[in-house]
Protein chains: 6
Amino acid sequence: MTAFLLFDDLVRATLREDLGLAGDITTDAIVPETLTASAALVARKPGVVAGLDVAIHAFRLLDPEMSVKIGRPDGAKVAAGDTIATFTGKGRALLTAERTALNFLCRLSGIATATSQLCAMIQSHKARIVCTRKTTPGLRALEKHAVRLGGGGNHRFGLDDAVLIKDNHIAIAGGIRPAVERARKHAGHLTKIEVEVDTLAQLEEAFALEVDVVLLDNMPPAMLSEAVKMIDGRCLSEASGNVSRETVAAIAATGVDLISVGWLTHSAPALDIGLDFVA
Amino acid sequence: MTAFLLFDDLVRATLREDLGLAGDITTDAIVPETLTASAALVARKPGVVAGLDVAIHAFRLLDPEMSVKIGRPDGAKVAAGDTIATFTGKGRALLTAERTALNFLCRLSGIATATSQLCAMIQSHKARIVCTRKTTPGLRALEKHAVRLGGGGNHRFGLDDAVLIKDNHIAIAGGIRPAVERARKHAGHLTKIEVEVDTLAQLEEAFALEVDVVLLDNMPPAMLSEAVKMIDGRCLSEASGNVSRETVAAIAATGVDLISVGWLTHSAPALDIGLDFVA
Amino acid sequence: MTAFLLFDDLVRATLREDLGLAGDITTDAIVPETLTASAALVARKPGVVAGLDVAIHAFRLLDPEMSVKIGRPDGAKVAAGDTIATFTGKGRALLTAERTALNFLCRLSGIATATSQLCAMIQSHKARIVCTRKTTPGLRALEKHAVRLGGGGNHRFGLDDAVLIKDNHIAIAGGIRPAVERARKHAGHLTKIEVEVDTLAQLEEAFALEVDVVLLDNMPPAMLSEAVKMIDGRCLSEASGNVSRETVAAIAATGVDLISVGWLTHSAPALDIGLDFVA
Amino acid sequence: MTAFLLFDDLVRATLREDLGLAGDITTDAIVPETLTASAALVARKPGVVAGLDVAIHAFRLLDPEMSVKIGRPDGAKVAAGDTIATFTGKGRALLTAERTALNFLCRLSGIATATSQLCAMIQSHKARIVCTRKTTPGLRALEKHAVRLGGGGNHRFGLDDAVLIKDNHIAIAGGIRPAVERARKHAGHLTKIEVEVDTLAQLEEAFALEVDVVLLDNMPPAMLSEAVKMIDGRCLSEASGNVSRETVAAIAATGVDLISVGWLTHSAPALDIGLDFVA
Amino acid sequence: MTAFLLFDDLVRATLREDLGLAGDITTDAIVPETLTASAALVARKPGVVAGLDVAIHAFRLLDPEMSVKIGRPDGAKVAAGDTIATFTGKGRALLTAERTALNFLCRLSGIATATSQLCAMIQSHKARIVCTRKTTPGLRALEKHAVRLGGGGNHRFGLDDAVLIKDNHIAIAGGIRPAVERARKHAGHLTKIEVEVDTLAQLEEAFALEVDVVLLDNMPPAMLSEAVKMIDGRCLSEASGNVSRETVAAIAATGVDLISVGWLTHSAPALDIGLDFVA
Amino acid sequence: MTAFLLFDDLVRATLREDLGLAGDITTDAIVPETLTASAALVARKPGVVAGLDVAIHAFRLLDPEMSVKIGRPDGAKVAAGDTIATFTGKGRALLTAERTALNFLCRLSGIATATSQLCAMIQSHKARIVCTRKTTPGLRALEKHAVRLGGGGNHRFGLDDAVLIKDNHIAIAGGIRPAVERARKHAGHLTKIEVEVDTLAQLEEAFALEVDVVLLDNMPPAMLSEAVKMIDGRCLSEASGNVSRETVAAIAATGVDLISVGWLTHSAPALDIGLDFVA
């Protein structure tokens, strides 16, 4: 519900980025100002829709009267050829906002689609796919939302909402124990603490400190299984590193609670969606 | 040279996106304020560097005294293991800005790398790889620059800097001729005109109107060859659609002048680069 | 159509510039909050209207329900005494936004008017009046649009949308040839190249390089005529420098394609327009 | 002293307005990144300098190391050919910021020059030239400062810093007395009250209410003289309307305290200043 | 009337400050998107309402269709238990904007309430309570307005709208006379001049210079009385320093015109107002 | 360390709020531009310093060369008369930024001081004082930091960083169980869940759901003691409501873990600090 406030400025800025000072000189020259037209967002490939509200906002910033009929809302699966939404309004607005609307919609749907695919590969396991802070500058809120629409969960939204002690923090603190102790002293009562471990010995150490989550970094499945056994449900376990469509099922089979995947937000290919004018 | 003005606000906003209101609660708890440290940006995979100036700016916004030794500048090729740059300054600044710096650097280097790979595949041909307006919202200037660092060229930066008459414009105008005539009347004397054509008949029509560039959309190589022959150097030809690592050489071999590739900016995978603390 | 996005922030900021923190202390003291009134924008001098949409936006930011009846739209000629538009709405909004609305409308109409006057003086010639980048900081998009409403054309909108090689570039490059060659190598396929020349010898040199436009700087009419003859239609010619109401006809008579005029945007006097309350 | 905070954002935005997304494609192509150069701001016409600090800021935003030698500071008179300032720094910065720097400097110096000329015409009288709120959107603070540099004074900076009761306020209030009474009740103890009057009868009425200033609107000199005699120094008198180089001396001779001139800020021609590269 | 422009950005930014990137995760999880609800702003303590328009704007930014029934408008007195306004709209919007709306409303009403209390204590005297520039960063316009709603007046809105010569200015100038003379020379014709004096000797000196207001700083009532007698109505007198609920009546009884109170805006306790859901 | 990015824009905006368009007309008139001066921030009352870095930034925005000698840094206790910091630089900068610097410093130090006083009253107990989201619009990050400097802790920074289920959420969900279940399903693995309870029966219910924290709202000390006994260390307990200097010790004595206090950020009086010029 609060999304509008979070993306209004971003969509305006993106339209301005495309318009420059002279505006859409092609459309302004060719399309009569009063022409009304209809156009449909159509999936060219199968996937999961995300960012439709943002796309709609882009069109409406250029034509507040633009009407929309939604075929497949945010979070819905689409097959190639499915109509996601149909717009009717000023022809100029449709053509001028097209690229901005698609740049948001295709990227976010690509993220939701990749997330959905990974989730499907591990559905017989308890593990949950979560995204990381490896997001596109300026788009984190939207990308994190797209991961949820695809069935995944969110890791930290920023450096501020949980403690995640990584290898460099441990090295600087001189060990896991002093790192966790300093963090616990500093953190608020509503802040969870997660520690990254590379070995089972480190896991043992973190474990003794009663942290909320352990991040098992770059461990092969066999080692992950052993780690999960050691943990025995007393804290959450997160597997990280080398997660791909090929490896995700084996990782999930180790029994970890969470599998974090950076490439969902930094390298998932855009979903191919086009805008077709309707006669 | 003018880049600073173009990305200063963006980097500040991206750091704020990661910091929230509470800041980096892990680092603030664990790392002493006065600790000085060194860390190196190291390529984990081979590629082309882009966005190093942006990454440097991110670190310096948190520590203006941060010193940098550049190993591989923007535009340079890197092998896995190569050090791109080494930073020395406040340990907190290194840890807190790490993700922001990498989110820019990995994305932009990924674009430069993919561009470079495509360019290498067609180096025996005259065709040039160019990117499109299918860019990430807010990052267009940086992404277009990354394409250049990878050896490619830029298509339009926005709707404002050239006329590109697409299928929907033609349909609305009632043909190529009226579309081009309206555009020519509207356009300034420094504005070039490009027309998208789907068939050789359309090409003929556009051609007679002396447009500057024809966009040959989704044509198979044989048809492209025929188009190039028809054009015979009297205007520029651009091939678009279905350009992949597999198809690009065959397309270039047709003799087209330009090959535009949307996925360079919307779906090129990030280049894997890490920040390693130096003992 | 896209204008709203381009001037919304500007009009809000201009109203705030006038309101300060205390607002319109005169109107707030004297005019009852519920008073409805009507007022008309009336031309005090003849000219061409430009900026009416901006003026309307200023009033509506203070009273979204403000109704408008347009008498003479953007681009229309007005005689002294003509009513451009009549507004009905909150009396306070009319009085408080009056100066902001007029500051935009009078300036932009002044530019359109001066442009229109120059165009009328050369209507028997093919030359087109174009404006330059000598615009008011922050108002370039609006001022360029006003020139079009007055019948003129636009030169570059910025440093980014065409190459214009000037004397200093030539001096640094060590000649016209190296300058043009560097620019051509750097420029995209949709970017035109213009070169400024001061002598016929330079013209010859530029000409041989097949540039798109030559800027004939500060040449007297006789020299311009000779230049036009030399060019013989093979590229566009632009006359620049010392263009005034007195000289423009003679310049146009030389046969140049374009006459660029800096003072249209930096020194055209505002058109006198007032806001008259209607009983 | 506080000027920097007031124009920093404005100069940045103006440079961005000129750079677009692609930047200065001519300079970037032709001028080597490491080239150092010198260039001088030279007056082409006589006048008064204003906005030099803004121009310097424009150059330094692109090259923070740019050195400046000031020849004629803000407020100084210049003859044609005088060097205002000489800059030494990156050649690219000089060329890219040139237009932005000049657009500020020429406009503001034009205002200072026109003000200075009017002031010179009335120097044997006590009247002071003051500017109005008819300023360029976004530039009010700078333009008001330019008027002062030219020897003039400032009227209200906005709707918030003094009460100015105009004809429409009087009409709505039902007379001068109720208007002044409402304003006095609303205004703070540090707020002065000025009333616009069109007739001597109105003057009498305003006068009886002990307002701080009366604005004598569009009165011919003879009537102004009579008004001044009536006032007899008991409040300030301001003449407004039809003030030109031709009429200003006669108006000043009537003995009014202030002469307000809208065109100083909305229609004063820019002062011709150029940037000459120094060998 | 102009308030909307003055607080729209502020309320948006404050909502974003509370929402972060993830938004209201409690409400989004628990409250169905389609649920409609009603809730009332209810005073828990007696006071004066201020900021209701701001609170309404906060709710409407999250639900533009939110309906409002106002019980006690801005400026009204409320008893504990009084309903200030009742809202009906999306349940999520009510819960998510609640804290933002209350943070504005309670603070501003606290200021209005404290002002009203002080005013009541001196109502038999002519003195007026005025606030200072000791306001909350970013909220000055709203806080100054709240003081007026509570029955007080406003001192300067900023450093720009009147001259106030303080002790340090006098020390630097080398005396009251040179300070006032420099200020008078610099100030516009609509700018009043106030001088801070600490002793009756200084008062005498200021007085002779015909300043508009004297600020009698930190004087005990007896000395204030003497000062008022000396002034004898020839300029305004302002008492400042040590103004509390305990001292204000005695200060007013001295006959001063104005009593300025910094703590009204920097330390007045918030008025306790809650949002109660209506069954 | 990251603070600069979080308050730079805010301090600039606050200075602009005070400067308006005309700037500090008193100081500009009276103080020579080249005058150097020294001034000291001196506590007039005892307390705890917070916001000194913000105050320093305000002075340096007007004089980047301003030197500072810190006497009592952020977090330090001060007695009346203690010098917090001494500044040497442009006299104009000291006078013009004085109010902005003090408005931040006094407010934030007031919060730190009040926090410190409450903490001192409960130091023999384990309870920790924490602040709420009842902060000043725009200042939350700074105010939360001030609470920490005073020895307290922070509750949620926003609606996004933890789940806090309040009475209205429970009512809408139809009970504590469904509310907690919905929240747990929605929340990320690093998000803690807190539930507000008004009765011991509700406590029992929340308790069974293994929430992380229970907020014991408005319970008298005896009931709090009973609640603490029931909880028996199995989750954190937070007391809220009616916390004052008079009641805080009794509340802490009940053994609760946290005591949240809204008025620390919305109603703590500013600490009296002045700027004294040094001869």
# chains A, B, ... in the order shown; residues from 1 in each chain; ligands from 1

call {"tool": "residues_around", "arguments": {"residues": "C:Gly81", "least_positions_apart": "4", "cutoff": "8 Å", "atoms": "only C-alpha atoms", "output": "JSON, numbers by chain"}}
result
{"C": [42, 43, 44, 45]}

call {"tool": "residues_around", "arguments": {"residues": "stretch 135-145 of chain E", "least_positions_apart": "5", "cutoff": "6 Å", "atoms": "only C-alpha atoms", "output": "short mmCIF file (atom, residue, chain, number, x, y, z; two decimals) with C-alpha atoms, in the first residue's frame"}}
result
data_model
loop_
_atom_site.label_atom_id
_atom_site.label_comp_id
_atom_site.auth_asym_id
_atom_site.auth_seq_id
_atom_site.Cartn_x
_atom_site.Cartn_y
_atom_site.Cartn_z
CA LEU C 21 8.23 30.84 5.15
CA THR E 265 9.22 26.47 19.95
CA HIS E 266 12.20 24.63 21.39
CA THR F 14 18.19 24.44 7.84
#

call {"tool": "residues_around", "arguments": {"residues": "D:Val256", "least_positions_apart": "6", "cutoff": "12 Å", "atoms": "only C-alpha atoms", "output": "VMD selection string"}}
result
chain D and resid 122 125 to 129 213 to 216 219 221 to 233 235 to 240 248 to 250

call {"tool": "write_last_selection", "arguments": {"atoms": "N, CA, C and O atoms", "output": "short mmCIF file (atom, residue, chain, number, x, y, z; two decimals), in the first residue's frame"}}
result
data_model
loop_
_atom_site.label_atom_id
_atom_site.label_comp_id
_atom_site.auth_asym_id
_atom_site.auth_seq_id
_atom_site.Cartn_x
_atom_site.Cartn_y
_atom_site.Cartn_z
N ILE D 122 20.13 59.79 -12.26
CA ILE D 122 19.37 60.49 -11.22
C ILE D 122 20.25 60.84 -10.03
O ILE D 122 19.75 61.08 -8.93
N HIS D 125 19.57 63.60 -7.56
CA HIS D 125 18.34 63.56 -6.76
C HIS D 125 18.49 62.54 -5.65
O HIS D 125 19.36 61.68 -5.68
N LYS D 126 17.59 62.63 -4.69
CA LYS D 126 17.72 61.70 -3.57
C LYS D 126 17.11 60.33 -3.88
O LYS D 126 17.33 59.37 -3.14
N ALA D 127 16.33 60.25 -4.93
CA ALA D 127 15.60 59.01 -5.21
C ALA D 127 16.55 57.83 -5.39
O ALA D 127 17.65 57.96 -5.92
N ARG D 128 16.07 56.68 -4.97
CA ARG D 128 16.84 55.46 -5.14
C ARG D 128 16.09 54.52 -6.09
O ARG D 128 14.87 54.36 -6.00
N ILE D 129 16.85 53.90 -7.00
CA ILE D 129 16.27 52.90 -7.92
C ILE D 129 16.12 51.58 -7.16
O ILE D 129 17.08 51.12 -6.54
N VAL D 213 4.99 53.30 3.69
CA VAL D 213 5.36 53.71 2.34
C VAL D 213 4.09 53.80 1.49
O VAL D 213 3.18 52.98 1.66
N VAL D 214 4.06 54.76 0.59
CA VAL D 214 2.98 54.78 -0.41
C VAL D 214 3.58 54.56 -1.78
O VAL D 214 4.61 55.14 -2.13
N LEU D 215 2.93 53.71 -2.54
CA LEU D 215 3.37 53.43 -3.90
C LEU D 215 2.48 54.27 -4.83
O LEU D 215 1.27 54.01 -4.93
N LEU D 216 3.08 55.23 -5.49
CA LEU D 216 2.35 56.13 -6.38
C LEU D 216 2.39 55.52 -7.77
O LEU D 216 3.42 55.58 -8.46
N MET D 219 1.69 57.55 -11.98
CA MET D 219 1.35 58.99 -11.95
C MET D 219 2.33 59.77 -12.81
O MET D 219 3.53 59.52 -12.80
N PRO D 221 4.68 63.02 -13.78
CA PRO D 221 5.55 63.79 -12.90
C PRO D 221 4.85 64.91 -12.13
O PRO D 221 5.10 65.09 -10.93
N ALA D 222 3.99 65.63 -12.77
CA ALA D 222 3.34 66.75 -12.08
C ALA D 222 2.54 66.24 -10.89
O ALA D 222 2.56 66.81 -9.79
N MET D 223 1.85 65.14 -11.11
CA MET D 223 1.04 64.56 -10.03
C MET D 223 1.95 64.00 -8.93
O MET D 223 1.65 64.08 -7.75
N LEU D 224 3.07 63.43 -9.37
CA LEU D 224 4.03 62.92 -8.38
C LEU D 224 4.53 64.06 -7.50
O LEU D 224 4.64 63.91 -6.27
N SER D 225 4.83 65.20 -8.13
CA SER D 225 5.33 66.34 -7.36
C SER D 225 4.31 66.77 -6.31
O SER D 225 4.65 67.03 -5.15
N GLU D 226 3.08 66.80 -6.74
CA GLU D 226 2.03 67.19 -5.81
C GLU D 226 1.92 66.20 -4.66
O GLU D 226 1.78 66.56 -3.49
N ALA D 227 2.04 64.92 -5.02
CA ALA D 227 1.97 63.87 -4.00
C ALA D 227 3.10 64.05 -2.99
O ALA D 227 2.89 63.96 -1.78
N VAL D 228 4.28 64.28 -3.51
CA VAL D 228 5.43 64.44 -2.62
C VAL D 228 5.22 65.61 -1.67
O VAL D 228 5.53 65.54 -0.48
N LYS D 229 4.64 66.65 -2.23
CA LYS D 229 4.38 67.83 -1.40
C LYS D 229 3.38 67.49 -0.29
O LYS D 229 3.56 67.85 0.87
N MET D 230 2.33 66.75 -0.67
CA MET D 230 1.34 66.34 0.33
C MET D 230 1.96 65.50 1.44
O MET D 230 1.65 65.65 2.62
N ILE D 231 2.82 64.61 1.03
CA ILE D 231 3.42 63.68 2.00
C ILE D 231 4.36 64.42 2.95
O ILE D 231 4.40 64.15 4.14
N ASP D 232 5.13 65.31 2.37
CA ASP D 232 5.98 66.18 3.18
C ASP D 232 6.89 65.40 4.14
O ASP D 232 7.00 65.73 5.32
N GLY D 233 7.41 64.34 3.63
CA GLY D 233 8.41 63.61 4.41
C GLY D 233 7.88 62.74 5.53
O GLY D 233 8.64 62.11 6.26
N CYS D 235 6.08 59.99 5.30
CA CYS D 235 6.31 58.56 5.01
C CYS D 235 7.11 58.51 3.71
O CYS D 235 7.31 59.54 3.06
N LEU D 236 7.56 57.33 3.37
CA LEU D 236 8.33 57.20 2.13
C LEU D 236 7.40 57.16 0.94
O LEU D 236 6.28 56.64 1.02
N SER D 237 7.88 57.67 -0.17
CA SER D 237 7.07 57.64 -1.40
C SER D 237 7.82 56.87 -2.48
O SER D 237 9.03 57.01 -2.64
N GLU D 238 7.09 56.03 -3.19
CA GLU D 238 7.68 55.22 -4.26
C GLU D 238 6.92 55.47 -5.55
O GLU D 238 5.70 55.33 -5.59
N ALA D 239 7.66 55.83 -6.61
CA ALA D 239 7.03 55.98 -7.93
C ALA D 239 7.19 54.69 -8.70
O ALA D 239 8.24 54.06 -8.66
N SER D 240 6.13 54.33 -9.42
CA SER D 240 6.16 53.07 -10.13
C SER D 240 5.41 53.20 -11.45
O SER D 240 4.42 53.92 -11.53
N VAL D 248 13.21 58.63 -16.38
CA VAL D 248 13.62 58.46 -14.98
C VAL D 248 14.08 59.75 -14.32
O VAL D 248 13.78 59.99 -13.13
N ALA D 249 14.74 60.61 -15.07
CA ALA D 249 15.24 61.84 -14.47
C ALA D 249 14.08 62.74 -14.05
O ALA D 249 14.08 63.31 -12.94
N ALA D 250 13.08 62.84 -14.89
CA ALA D 250 11.92 63.67 -14.56
C ALA D 250 11.19 63.14 -13.34
O ALA D 250 10.69 63.88 -12.50
#

call {"tool": "interface_residues", "arguments": {"of": "chain C", "to": "chain E", "cutoff": "10 Å", "atoms": "only C-alpha atoms", "output": "ChimeraX atom specification"}}
result
/C:12-13,15-16,19-24,27-28,33,61-63,90,92-93,96-97

call {"tool": "write_last_selection", "arguments": {"atoms": "N, CA and C atoms", "output": "PDB file, in the first residue's frame"}}
result
ATOM      1  N   ARG C  12       6.679  24.777  -8.738  1.00  0.00           N
ATOM      2  CA  ARG C  12       6.589  24.671  -7.280  1.00  0.00           C
ATOM      3  C   ARG C  12       7.722  25.457  -6.612  1.00  0.00           C
ATOM      4  N   ALA C  13       8.921  25.288  -7.131  1.00  0.00           N
ATOM      5  CA  ALA C  13      10.066  25.977  -6.529  1.00  0.00           C
ATOM      6  C   ALA C  13       9.932  27.491  -6.672  1.00  0.00           C
ATOM      7  N   LEU C  15       7.101  29.233  -6.870  1.00  0.00           N
ATOM      8  CA  LEU C  15       6.110  29.694  -5.898  1.00  0.00           C
ATOM      9  C   LEU C  15       6.731  29.768  -4.502  1.00  0.00           C
ATOM     10  N   ARG C  16       7.518  28.760  -4.142  1.00  0.00           N
ATOM     11  CA  ARG C  16       8.148  28.768  -2.812  1.00  0.00           C
ATOM     12  C   ARG C  16       9.147  29.920  -2.686  1.00  0.00           C
ATOM     13  N   LEU C  19       6.980  32.770  -1.790  1.00  0.00           N
ATOM     14  CA  LEU C  19       6.223  32.648  -0.542  1.00  0.00           C
ATOM     15  C   LEU C  19       7.100  32.736   0.694  1.00  0.00           C
ATOM     16  N   GLY C  20       8.361  32.342   0.586  1.00  0.00           N
ATOM     17  CA  GLY C  20       9.190  32.281   1.786  1.00  0.00           C
ATOM     18  C   GLY C  20       8.545  31.372   2.815  1.00  0.00           C
ATOM     19  N   LEU C  21       8.818  31.657   4.088  1.00  0.00           N
ATOM     20  CA  LEU C  21       8.230  30.839   5.146  1.00  0.00           C
ATOM     21  C   LEU C  21       6.892  31.391   5.618  1.00  0.00           C
ATOM     22  N   ALA C  22       6.702  32.677   5.456  1.00  0.00           N
ATOM     23  CA  ALA C  22       5.506  33.304   6.025  1.00  0.00           C
ATOM     24  C   ALA C  22       4.352  33.362   5.034  1.00  0.00           C
ATOM     25  N   GLY C  23       4.635  33.118   3.760  1.00  0.00           N
ATOM     26  CA  GLY C  23       3.570  33.156   2.768  1.00  0.00           C
ATOM     27  C   GLY C  23       3.175  34.565   2.385  1.00  0.00           C
ATOM     28  N   ASP C  24       2.061  34.700   1.690  1.00  0.00           N
ATOM     29  CA  ASP C  24       1.595  35.997   1.195  1.00  0.00           C
ATOM     30  C   ASP C  24       0.871  36.715   2.330  1.00  0.00           C
ATOM     31  N   THR C  27      -2.157  39.156   1.301  1.00  0.00           N
ATOM     32  CA  THR C  27      -3.393  38.503   0.879  1.00  0.00           C
ATOM     33  C   THR C  27      -4.025  37.719   2.015  1.00  0.00           C
ATOM     34  N   ASP C  28      -3.206  37.018   2.779  1.00  0.00           N
ATOM     35  CA  ASP C  28      -3.764  36.240   3.888  1.00  0.00           C
ATOM     36  C   ASP C  28      -4.458  37.145   4.903  1.00  0.00           C
ATOM     37  N   GLU C  33     -10.725  33.613   3.164  1.00  0.00           N
ATOM     38  CA  GLU C  33     -10.311  32.332   2.609  1.00  0.00           C
ATOM     39  C   GLU C  33     -11.332  31.780   1.620  1.00  0.00           C
ATOM     40  N   LEU C  61      -1.697  25.027  -8.644  1.00  0.00           N
ATOM     41  CA  LEU C  61      -0.971  24.498  -7.486  1.00  0.00           C
ATOM     42  C   LEU C  61      -1.509  25.106  -6.195  1.00  0.00           C
ATOM     43  N   LEU C  62      -2.072  26.303  -6.295  1.00  0.00           N
ATOM     44  CA  LEU C  62      -2.652  26.934  -5.102  1.00  0.00           C
ATOM     45  C   LEU C  62      -4.154  26.708  -5.011  1.00  0.00           C
ATOM     46  N   ASP C  63      -4.783  26.409  -6.110  1.00  0.00           N
ATOM     47  CA  ASP C  63      -6.204  26.063  -6.091  1.00  0.00           C
ATOM     48  C   ASP C  63      -6.483  25.028  -7.184  1.00  0.00           C
ATOM     49  N   LYS C  90     -10.361  30.501  -6.163  1.00  0.00           N
ATOM     50  CA  LYS C  90     -10.134  31.202  -4.908  1.00  0.00           C
ATOM     51  C   LYS C  90      -9.416  32.525  -5.147  1.00  0.00           C
ATOM     52  N   ARG C  92      -7.662  34.195  -3.113  1.00  0.00           N
ATOM     53  CA  ARG C  92      -6.305  34.159  -2.576  1.00  0.00           C
ATOM     54  C   ARG C  92      -5.327  33.514  -3.560  1.00  0.00           C
ATOM     55  N   ALA C  93      -5.754  32.448  -4.191  1.00  0.00           N
ATOM     56  CA  ALA C  93      -4.860  31.767  -5.137  1.00  0.00           C
ATOM     57  C   ALA C  93      -4.544  32.686  -6.315  1.00  0.00           C
ATOM     58  N   THR C  96      -2.048  35.353  -4.966  1.00  0.00           N
ATOM     59  CA  THR C  96      -0.755  34.861  -4.491  1.00  0.00           C
ATOM     60  C   THR C  96       0.081  34.285  -5.637  1.00  0.00           C
ATOM     61  N   ALA C  97      -0.564  33.650  -6.592  1.00  0.00           N
ATOM     62  CA  ALA C  97       0.185  33.061  -7.710  1.00  0.00           C
ATOM     63  C   ALA C  97       0.382  34.038  -8.857  1.00  0.00           C
TER      64      ALA C  97
END

call {"tool": "select_by_dssp", "arguments": {"residues": "stretch 173-233 of chain F", "states": "helix (DSSP H, G or I)", "output": "ChimeraX atom specification"}}
result
/F:173,176-186,200-208,221-231

call {"tool": "residues_around", "arguments": {"residues": "E:Leu41", "least_positions_apart": "2", "cutoff": "8 Å", "atoms": "only C-alpha atoms", "output": "compact mmCIF listing (two decimals) with N, CA, C and O atoms, in the first residue's frame"}}
result
# COMPACT_ATOMS: atom_id res chain seq x y z
N ALA E 39 -11.17 5.94 12.46
CA ALA E 39 -10.38 6.23 13.65
C ALA E 39 -10.46 7.71 13.95
O ALA E 39 -10.61 8.53 13.03
N ALA E 43 -8.07 14.19 21.86
CA ALA E 43 -7.17 14.86 22.81
C ALA E 43 -7.20 14.11 24.14
O ALA E 43 -8.26 13.75 24.64
N THR E 83 -12.94 14.94 20.49
CA THR E 83 -12.54 14.40 19.20
C THR E 83 -12.15 15.54 18.27
O THR E 83 -12.95 16.44 18.01
N ILE E 84 -10.94 15.51 17.78
CA ILE E 84 -10.45 16.56 16.90
C ILE E 84 -10.88 16.31 15.46
O ILE E 84 -11.33 17.20 14.76
N ALA E 85 -10.77 15.06 15.02
CA ALA E 85 -11.21 14.71 13.67
C ALA E 85 -11.41 13.22 13.60
O ALA E 85 -10.75 12.45 14.32
N THR E 86 -12.30 12.79 12.73
CA THR E 86 -12.54 11.36 12.52
C THR E 86 -12.28 11.04 11.06
O THR E 86 -12.76 11.73 10.16
N ILE E 273 -2.16 13.59 22.24
CA ILE E 273 -3.31 13.29 21.37
C ILE E 273 -3.14 11.85 20.88
O ILE E 273 -2.02 11.44 20.56
N GLY E 274 -4.21 11.10 20.85
CA GLY E 274 -4.11 9.71 20.40
C GLY E 274 -5.04 9.43 19.23
O GLY E 274 -5.91 10.24 18.90
N LEU E 275 -4.81 8.31 18.58
CA LEU E 275 -5.70 7.89 17.49
C LEU E 275 -6.46 6.66 17.97
O LEU E 275 -5.87 5.60 18.20
N ASP E 276 -7.76 6.80 18.12
CA ASP E 276 -8.58 5.68 18.61
C ASP E 276 -9.40 5.10 17.47
O ASP E 276 -10.13 5.83 16.81

call {"tool": "residues_around", "arguments": {"residues": "E:Val31", "least_positions_apart": "6", "cutoff": "8 Å", "atoms": "only C-alpha atoms", "output": "list in words"}}
result
Gly91 and Arg92 of chain E; His169, Ile172 and Ala173 of chain F

call {"tool": "write_last_selection", "arguments": {"atoms": "C-alpha atoms", "output": "compact mmCIF listing (two decimals), in the first residue's frame"}}
result
# COMPACT_ATOMS: atom_id res chain seq x y z
CA GLY E 91 -7.23 0.53 7.61
CA ARG E 92 -3.65 0.18 6.47
CA HIS F 169 -3.53 -4.85 14.96
CA ILE F 172 -8.23 -6.29 13.35
CA ALA F 173 -6.65 -9.74 13.29

call {"tool": "select_by_dssp", "arguments": {"residues": "stretch 131-231 of chain D", "states": "strand (DSSP E or B)", "output": "list in words"}}
result
Cys131, Gly153, Asn154, Val163, Leu164, Ile165, Thr191, Ile193, Glu194, Val195, Glu196, Val197, Val213, Val214, Leu215, Leu216 and Asp217 of chain D

call {"tool": "atom_distance", "arguments": {"atom1": "atom CA of B:Ala50", "atom2": "atom CA of C:Ala183"}}
result
22.5 Å

call {"tool": "residues_around", "arguments": {"residues": "A:Asn218", "least_positions_apart": "6", "cutoff": "12 Å", "atoms": "only C-alpha atoms", "output": "JSON, numbers by chain"}}
result
{"A": [196, 197, 198, 199, 224, 238, 239, 240, 241, 242, 243, 247, 251, 259, 260, 261]}

call {"tool": "atom_distance", "arguments": {"atom1": "atom CA of F:Leu159", "atom2": "atom CA of E:Ile25"}}
result
6.5 Å
